[in-house]
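Enquirer: work_21.json (JSON, C-alpha atoms) pasted underneath:
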```json
[["chain", "number", "residue", "atom", "x", "y", "z"],
["A", 1, "ALA", "CA", 91.96, -46.65, -164.64],
["A", 2, "ILE", "CA", 95.30, -48.02, -163.45],
["A", 3, "LEU", "CA", 95.92, -51.57, -162.32],
["A", 4, "THR", "CA", 99.17, -52.51, -160.59],
["A", 5, "PHE", "CA", 99.69, -56.02, -159.37],
["A", 6, "CYS", "CA", 102.84, -55.51, -157.33],
["A", 7, "LEU", "CA", 104.56, -52.67, -155.53],
["A", 8, "THR", "CA", 108.30, -52.19, -155.79],
["A", 9, "SER", "CA", 110.45, -50.69, -153.10],
["A", 10, "GLY", "CA", 112.76, -47.75, -153.61],
["A", 11, "PRO", "CA", 115.90, -46.76, -151.70],
["A", 12, "SER", "CA", 113.74, -45.29, -148.94],
["A", 13, "LEU", "CA", 112.34, -48.70, -147.93],
["A", 14, "ALA", "CA", 114.28, -48.46, -144.70],
["A", 15, "GLU", "CA", 112.26, -45.35, -143.92],
["A", 16, "GLY", "CA", 109.02, -47.26, -144.35],
["A", 17, "VAL", "CA", 108.13, -45.79, -147.76],
["A", 18, "ILE", "CA", 107.00, -48.07, -150.59],
["A", 19, "HIS", "CA", 106.86, -46.66, -154.11],
["A", 20, "ALA", "CA", 104.48, -47.84, -156.82],
["A", 21, "PRO", "CA", 106.10, -48.57, -160.19],
["A", 22, "ALA", "CA", 105.41, -46.36, -163.18],
["A", 23, "VAL", "CA", 102.38, -47.79, -164.97],
["A", 24, "PRO", "CA", 101.95, -47.50, -168.76],
["A", 25, "GLN", "CA", 99.20, -45.07, -169.73],
["A", 26, "PRO", "CA", 96.71, -45.49, -172.60],
["A", 27, "ARG", "CA", 98.03, -43.47, -175.53],
["A", 28, "LEU", "CA", 96.95, -45.16, -178.76],
["A", 29, "ALA", "CA", 93.50, -45.75, -180.18],
["A", 30, "GLY", "CA", 92.18, -48.92, -178.66],
["A", 31, "ASP", "CA", 94.27, -48.72, -175.47],
["A", 32, "VAL", "CA", 92.14, -49.34, -172.39],
["A", 33, "VAL", "CA", 94.26, -49.67, -169.26],
["A", 34, "GLY", "CA", 97.90, -50.35, -168.44],
["A", 35, "LEU", "CA", 99.28, -52.58, -165.72],
["A", 36, "VAL", "CA", 102.58, -53.84, -164.39],
["A", 37, "LEU", "CA", 103.28, -57.50, -163.76],
["A", 38, "GLN", "CA", 106.06, -58.40, -161.37],
["A", 39, "GLN", "CA", 107.39, -61.91, -160.82],
["A", 40, "ALA", "CA", 107.63, -62.17, -157.06],
["A", 41, "GLY", "CA", 108.39, -65.91, -156.97],
["A", 42, "ALA", "CA", 110.18, -68.40, -159.17],
["A", 43, "SER", "CA", 110.58, -67.61, -162.84],
["A", 44, "GLY", "CA", 108.05, -68.85, -165.34],
["A", 45, "SER", "CA", 104.82, -68.11, -167.17],
["A", 46, "ARG", "CA", 101.30, -68.77, -165.93],
["A", 47, "ASP", "CA", 97.73, -67.64, -166.28],
["A", 48, "LEU", "CA", 96.40, -65.05, -163.86],
["A", 49, "THR", "CA", 92.90, -63.69, -163.24],
["A", 50, "PHE", "CA", 91.65, -60.34, -161.93],
["A", 51, "GLY", "CA", 88.52, -58.20, -162.02],
["A", 52, "GLU", "CA", 88.45, -54.89, -163.87],
["A", 53, "VAL", "CA", 85.92, -52.06, -164.17],
["A", 54, "PHE", "CA", 85.92, -50.26, -167.53],
["A", 55, "PRO", "CA", 84.74, -46.75, -168.45],
["A", 56, "ALA", "CA", 81.51, -46.59, -170.44],
["A", 57, "GLY", "CA", 82.07, -47.27, -174.12],
["A", 58, "ARG", "CA", 85.72, -48.30, -173.74],
["A", 59, "VAL", "CA", 85.11, -52.01, -174.41],
["A", 60, "PRO", "CA", 82.17, -52.11, -176.89],
["A", 61, "ARG", "CA", 80.09, -55.21, -177.41],
["A", 62, "GLY", "CA", 81.55, -57.21, -180.26],
["A", 63, "GLN", "CA", 85.10, -55.97, -179.67],
["A", 64, "ARG", "CA", 87.87, -58.23, -178.37],
["A", 65, "LEU", "CA", 89.97, -57.41, -175.32],
["A", 66, "GLN", "CA", 93.65, -58.20, -175.88],
["A", 67, "ALA", "CA", 96.63, -57.92, -173.54],
["A", 68, "VAL", "CA", 99.92, -56.82, -175.08],
["A", 69, "ALA", "CA", 103.21, -57.28, -173.19],
["A", 70, "GLY", "CA", 105.73, -54.94, -174.76],
["A", 71, "LYS", "CA", 104.67, -55.41, -178.38],
["A", 72, "VAL", "CA", 103.73, -59.06, -178.06],
["A", 73, "PRO", "CA", 100.05, -60.09, -177.74],
["A", 74, "VAL", "CA", 99.43, -62.67, -175.02],
["A", 75, "PRO", "CA", 96.45, -65.04, -174.71],
["A", 76, "THR", "CA", 93.58, -63.09, -173.11],
["A", 77, "GLN", "CA", 90.05, -63.90, -171.98],
["A", 78, "LEU", "CA", 87.32, -61.54, -170.81],
["A", 79, "ASP", "CA", 84.22, -62.80, -169.02],
["A", 80, "VAL", "CA", 81.85, -59.81, -168.95],
["A", 81, "LYS", "CA", 79.70, -59.65, -165.81],
["A", 82, "THR", "CA", 77.87, -56.34, -166.20],
["A", 83, "ARG", "CA", 77.29, -53.93, -169.10],
["A", 84, "TYR", "CA", 76.40, -50.29, -169.59],
["A", 85, "PRO", "CA", 73.12, -49.37, -171.32],
["A", 86, "ASP", "CA", 75.04, -49.02, -174.60],
["A", 87, "GLY", "CA", 76.15, -52.65, -174.34],
["A", 88, "SER", "CA", 79.80, -51.96, -173.58],
["A", 89, "ALA", "CA", 81.48, -53.92, -170.79],
["A", 90, "ARG", "CA", 81.21, -52.32, -167.37],
["A", 91, "MET", "CA", 82.86, -54.99, -165.22],
["A", 92, "GLY", "CA", 84.55, -58.18, -166.27],
["A", 93, "ILE", "CA", 86.97, -60.88, -165.20],
["A", 94, "VAL", "CA", 90.23, -60.78, -167.17],
["A", 95, "THR", "CA", 92.41, -63.85, -167.54],
["A", 96, "LEU", "CA", 95.73, -63.49, -169.32],
["A", 97, "ARG", "CA", 98.84, -65.58, -169.83],
["A", 98, "ALA", "CA", 101.59, -63.69, -168.05],
["A", 99, "PRO", "CA", 104.86, -63.67, -170.01],
["A", 100, "ALA", "CA", 107.76, -65.67, -168.63],
["A", 101, "LEU", "CA", 109.73, -63.48, -166.24],
["A", 102, "ALA", "CA", 112.79, -64.06, -164.12],
["A", 103, "ALA", "CA", 112.32, -63.80, -160.36],
["A", 104, "GLY", "CA", 112.02, -60.12, -159.42],
["A", 105, "ALA", "CA", 111.58, -58.99, -163.04],
["A", 106, "SER", "CA", 108.58, -57.00, -164.25],
["A", 107, "ALA", "CA", 106.75, -56.38, -167.51],
["A", 108, "ASN", "CA", 104.49, -53.59, -168.73],
["A", 109, "VAL", "CA", 101.18, -54.76, -170.16],
["A", 110, "MET", "CA", 98.47, -52.81, -171.98],
["A", 111, "LEU", "CA", 94.89, -54.01, -172.35],
["A", 112, "THR", "CA", 93.58, -53.02, -175.77],
["A", 113, "VAL", "CA", 90.43, -53.55, -177.82],
["A", 114, "GLY", "CA", 90.16, -54.49, -181.45],
["A", 115, "PRO", "CA", 88.03, -56.37, -183.96],
["A", 116, "GLN", "CA", 86.56, -59.62, -182.72],
["A", 117, "ALA", "CA", 88.64, -62.56, -183.88],
["A", 118, "GLU", "CA", 87.37, -66.08, -184.30],
["A", 119, "ALA", "CA", 86.84, -67.31, -180.76],
["A", 120, "ALA", "CA", 88.91, -70.26, -179.58],
["A", 121, "PRO", "CA", 86.88, -73.05, -178.00],
["A", 122, "ALA", "CA", 86.33, -72.85, -174.27],
["A", 123, "LEU", "CA", 88.16, -75.30, -172.05],
["A", 124, "ASP", "CA", 86.26, -78.52, -171.38],
["A", 125, "LEU", "CA", 86.13, -78.68, -167.59],
["A", 126, "ALA", "CA", 84.66, -82.19, -167.58],
["A", 127, "ALA", "CA", 87.50, -83.53, -169.73],
["A", 128, "LEU", "CA", 90.16, -81.68, -167.77],
["A", 129, "ALA", "CA", 88.74, -82.93, -164.45],
["A", 130, "ASP", "CA", 88.80, -86.57, -165.57],
["A", 131, "GLY", "CA", 91.14, -88.25, -163.11],
["A", 132, "LEU", "CA", 91.22, -85.27, -160.77],
["A", 133, "LYS", "CA", 90.96, -86.20, -157.08],
["A", 134, "ILE", "CA", 89.45, -83.64, -154.68],
["A", 135, "GLY", "CA", 87.80, -84.63, -151.43],
["A", 136, "VAL", "CA", 86.52, -82.98, -148.27],
["A", 137, "ASP", "CA", 86.21, -84.86, -144.98],
["A", 138, "ILE", "CA", 83.85, -83.37, -142.39],
["A", 139, "ALA", "CA", 83.34, -84.52, -138.80],
["A", 140, "GLU", "CA", 79.93, -83.43, -137.53],
["A", 141, "HIS", "CA", 79.48, -83.39, -133.75],
["A", 142, "ALA", "CA", 75.84, -83.47, -132.65],
["A", 143, "ALA", "CA", 74.29, -84.64, -129.39],
["A", 144, "GLY", "CA", 77.55, -86.22, -128.32],
["A", 145, "VAL", "CA", 77.78, -88.31, -131.50],
["A", 146, "ASP", "CA", 80.45, -87.99, -134.19],
["A", 147, "MET", "CA", 79.05, -88.28, -137.70],
["A", 148, "PRO", "CA", 81.70, -88.26, -140.44],
["A", 149, "HIS", "CA", 80.87, -87.05, -143.95],
["A", 150, "ALA", "CA", 83.16, -87.76, -146.89],
["A", 151, "VAL", "CA", 82.42, -85.52, -149.87],
["A", 152, "GLU", "CA", 83.98, -86.66, -153.14],
["A", 153, "LEU", "CA", 84.09, -83.28, -154.81],
["A", 154, "ASP", "CA", 85.58, -84.64, -158.03],
["A", 155, "LYS", "CA", 82.69, -87.08, -158.55],
["A", 156, "GLN", "CA", 80.09, -84.49, -157.54],
["A", 157, "LEU", "CA", 81.58, -82.04, -160.03],
["A", 158, "ALA", "CA", 81.54, -84.59, -162.84],
["A", 159, "ASP", "CA", 77.91, -85.46, -162.06],
["A", 160, "ALA", "CA", 76.81, -81.81, -161.93],
["A", 161, "LEU", "CA", 78.54, -81.05, -165.24],
["A", 162, "ALA", "CA", 76.96, -84.09, -166.89],
["A", 163, "ARG", "CA", 73.48, -83.07, -165.69],
["A", 164, "GLY", "CA", 73.92, -79.38, -166.49],
["A", 165, "LYS", "CA", 73.61, -78.41, -162.83],
["A", 166, "ALA", "CA", 76.87, -76.47, -162.53],
["A", 167, "SER", "CA", 76.90, -72.69, -162.95],
["A", 168, "PHE", "CA", 79.88, -71.10, -164.72],
["A", 169, "TRP", "CA", 81.74, -67.99, -163.56],
["A", 170, "LEU", "CA", 84.54, -68.23, -166.13],
["A", 171, "ASN", "CA", 84.16, -69.98, -169.48],
["A", 172, "GLY", "CA", 86.75, -69.48, -172.18],
["A", 173, "PRO", "CA", 89.99, -70.75, -173.72],
["A", 174, "GLU", "CA", 92.26, -69.62, -170.86],
["A", 175, "ALA", "CA", 90.16, -70.42, -167.79],
["A", 176, "VAL", "CA", 86.96, -72.20, -166.87],
["A", 177, "GLU", "CA", 85.33, -72.13, -163.44],
["A", 178, "ALA", "CA", 82.16, -73.86, -162.29],
["A", 179, "ARG", "CA", 80.22, -73.73, -159.01],
["A", 180, "ILE", "CA", 78.33, -76.59, -157.42],
["A", 181, "ASP", "CA", 76.34, -76.59, -154.18],
["A", 182, "LEU", "CA", 76.43, -79.80, -152.17],
["A", 183, "PRO", "CA", 74.14, -80.50, -149.19],
["A", 184, "VAL", "CA", 75.87, -82.17, -146.25],
["A", 185, "ALA", "CA", 73.54, -82.37, -143.25],
["A", 186, "GLY", "CA", 70.68, -80.19, -142.06],
["A", 187, "ALA", "CA", 71.47, -76.58, -142.87],
["A", 188, "LEU", "CA", 75.13, -77.32, -143.68],
["A", 189, "HIS", "CA", 76.16, -77.33, -147.32],
["A", 190, "LEU", "CA", 79.33, -76.80, -149.35],
["A", 191, "VAL", "CA", 79.63, -74.11, -152.00],
["A", 192, "CYS", "CA", 82.45, -75.30, -154.26],
["A", 193, "ASP", "CA", 84.14, -73.29, -157.01],
["A", 194, "VAL", "CA", 86.56, -75.27, -159.18],
["A", 195, "ARG", "CA", 88.75, -73.50, -161.74],
["A", 196, "ALA", "CA", 91.04, -74.92, -164.41],
["A", 197, "TYR", "CA", 93.58, -72.90, -166.36],
["A", 198, "ALA", "CA", 94.96, -73.57, -169.82],
["A", 199, "ASP", "CA", 98.47, -73.69, -168.32],
["A", 200, "GLY", "CA", 97.48, -76.78, -166.29],
["A", 201, "ASN", "CA", 96.99, -75.10, -162.92],
["A", 202, "TRP", "CA", 93.89, -75.69, -160.78],
["A", 203, "LEU", "CA", 92.12, -73.74, -158.07],
["A", 204, "ALA", "CA", 89.42, -75.05, -155.73],
["A", 205, "ASP", "CA", 87.59, -72.84, -153.26],
["A", 206, "VAL", "CA", 85.27, -74.56, -150.78],
["A", 207, "GLN", "CA", 82.95, -72.55, -148.52],
["A", 208, "PHE", "CA", 81.36, -74.20, -145.52],
["A", 209, "ALA", "CA", 77.93, -72.57, -145.37],
["A", 210, "ASN", "CA", 75.31, -73.07, -142.69],
["A", 211, "ASP", "CA", 72.75, -70.64, -144.08],
["A", 212, "TYR", "CA", 69.88, -72.81, -145.18],
["A", 213, "ALA", "CA", 66.69, -71.94, -143.33],
["A", 214, "SER", "CA", 66.85, -73.23, -139.75],
["A", 215, "VAL", "CA", 64.44, -75.82, -138.41],
["A", 216, "ILE", "CA", 61.13, -74.11, -137.70],
["A", 217, "LEU", "CA", 58.28, -75.24, -135.51],
["A", 218, "LYS", "CA", 54.88, -75.12, -137.16],
["A", 219, "ASP", "CA", 51.91, -76.43, -135.25],
["A", 220, "GLY", "CA", 54.38, -78.04, -132.88],
["A", 221, "GLU", "CA", 56.20, -80.02, -135.58],
["A", 222, "ALA", "CA", 59.61, -79.42, -137.16],
["A", 223, "VAL", "CA", 59.56, -78.14, -140.73],
["A", 224, "PRO", "CA", 62.54, -79.39, -142.83],
["A", 225, "PRO", "CA", 65.09, -76.73, -143.89],
["A", 226, "GLN", "CA", 64.20, -75.03, -147.16],
["A", 227, "VAL", "CA", 66.62, -74.41, -149.99],
["A", 228, "GLY", "CA", 66.21, -71.45, -152.31],
["A", 229, "GLY", "CA", 63.87, -69.39, -150.19],
["A", 230, "GLY", "CA", 60.09, -69.17, -150.52],
["A", 231, "PRO", "CA", 57.34, -68.48, -147.99],
["A", 232, "ILE", "CA", 57.89, -69.82, -144.50],
["A", 233, "ALA", "CA", 55.18, -69.89, -141.82],
["A", 234, "TYR", "CA", 56.26, -69.16, -138.25],
["A", 235, "ASP", "CA", 54.49, -69.93, -134.98],
["A", 236, "ALA", "CA", 54.71, -67.10, -132.45]]
```
Output the structure of this file as structure tokens.
Expert:
Amino acid sequence: AILTFCLTSGPSLAEGVIHAPAVPQPRLAGDVVGLVLQQAGASGSRDLTFGEVFPAGRVPRGQRLQAVAGKVPVPTQLDVKTRYPDGSARMGIVTLRAPALAAGASANVMLTVGPQAEAAPALDLAALADGLKIGVDIAEHAAGVDMPHAVELDKQLADALARGKASFWLNGPEAVEARIDLPVAGALHLVCDVRAYADGNWLADVQFANDYASVILKDGEAVPPQVGGGPIAYDA
């Protein structure tokens, strides 16, 4: 498997041809997949996240995935999402601390596996989010009436974390991401994914979903929308 984050242009760019950079190939025991990082913007170092599918047996259970830039290990986190029958990782989310690069510079990186080291503690999303301000303002128009809704996502996140109602997608020392689902009105709800990185960066993704069960008439009366499925009786 080959993973390339950026494409570089050769002399034939004017002819509309874009060339992929040479990607390092696995050669040593423990090498899994090579990739090329290219700094397209301002110089600096930051965490980045991507999904990767591994061949069967390449990342065994109990082994640690490590990114190496040149010959220097960089902080790496793997959140395994699916496994093969033998227990090895099939698909996972990789978060690594990209080395500091000047604008336009690139670095070869190899993902390797080795003995499991003592795990660093996962980031504490609740502590990191203390003082964070995220809000969503919604204007609902129904029957000629404007009904504003102000969703304080930061407070809702803190409450969900405190009550154990948030589900985690990433959970490690380099990145932590939690999802909360917030009802707004009727079938409308917000699906919110909030991610914090060890480098101090944040990412919030908010989906406006209107996919709760619609209002249904049963025996001539409206049945409230249902969350989470279950049997629903319909009148023909």
Enquirer: With all atoms listed in the file as the counted atoms, please give the residues lying no more than 10 Å from segment 46-61 of chain A, apart from itself and same-chain residues fewer than 5 positions off, as an MDAnalysis selection string.
Expert: chainID A and resid 1:3 5 30:33 75:101 112:114 116 170 174:175 197:201
Enquirer: With distances taken over all atoms listed in the file, which residue among A:Gly135, A:Gly164, A:Leu203, A:Ala20 lies nearest Leu190 of chain A?
Expert: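 Closest residue, counting all atoms listed in the file: A:Gly135.
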Enquirer: Hey, can you check how far atom CA of Leu161 of chain A sits from atom CA of Ala204 of chain A?
Expert: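 Taking atom CA of Leu161 of chain A and atom CA of Ala204 of chain A, their separation equals 15.6 Å.
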Enquirer: Between A:Ser167, A:Asn108, A:Ser45, A:Gln25, single out the one closest to Arg195 of chain A, counting all atoms listed in the file.
Expert: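 Answer, going by the shortest atom-to-atom distance: A:Ser167.
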Enquirer: Using only the atoms of segment 170-176 of chain A listed in the file, plus 5 Å on each side, state the axis-aligned box centre and edge lengths in Å rounded to one decimal, as AutoDock Vina command-line options.
Expert:
```
--center_x 88.2 --center_y -70.2 --center_z -169.9 --size_x 18.1 --size_y 14.0 --size_z 17.6
```
Enquirer: Skip Gln38 of chain A itself and residues of its chain fewer than 3 positions away, then list as number ranges by chain all residues within 7 Å of it, counting only C-alpha atoms.
Expert: A: 6, 104-107
Enquirer: Segment 146-153 of chain A: which residues within 7 Å, counting only C-alpha atoms, same-chain residues fewer than 6 positions away excluded, as a ChimeraX atom specification?
Expert: /A:134-140
Enquirer: What is the distance, in Å and to one decimal place, between atom CA of Ala162 of chain A and atom CA of Trp202 of chain A?
Expert: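 These atoms are spaced 19.9 Å apart.
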Enquirer: Please compute the atom CA of Leu123 of chain A-atom CA of Ala69 of chain A distance, one decimal, in Å.
Expert: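 Interatomic distance here is 23.5 Å.
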Enquirer: Env of Ala166 of chain A: 9 Å cut, atoms = all atoms listed in the file, seq-sep filter 4 positions within chain, self excluded. Answer as JSON, numbers by chain.
Expert: {"A": [157, 160, 161, 162, 178, 179, 180, 181]}
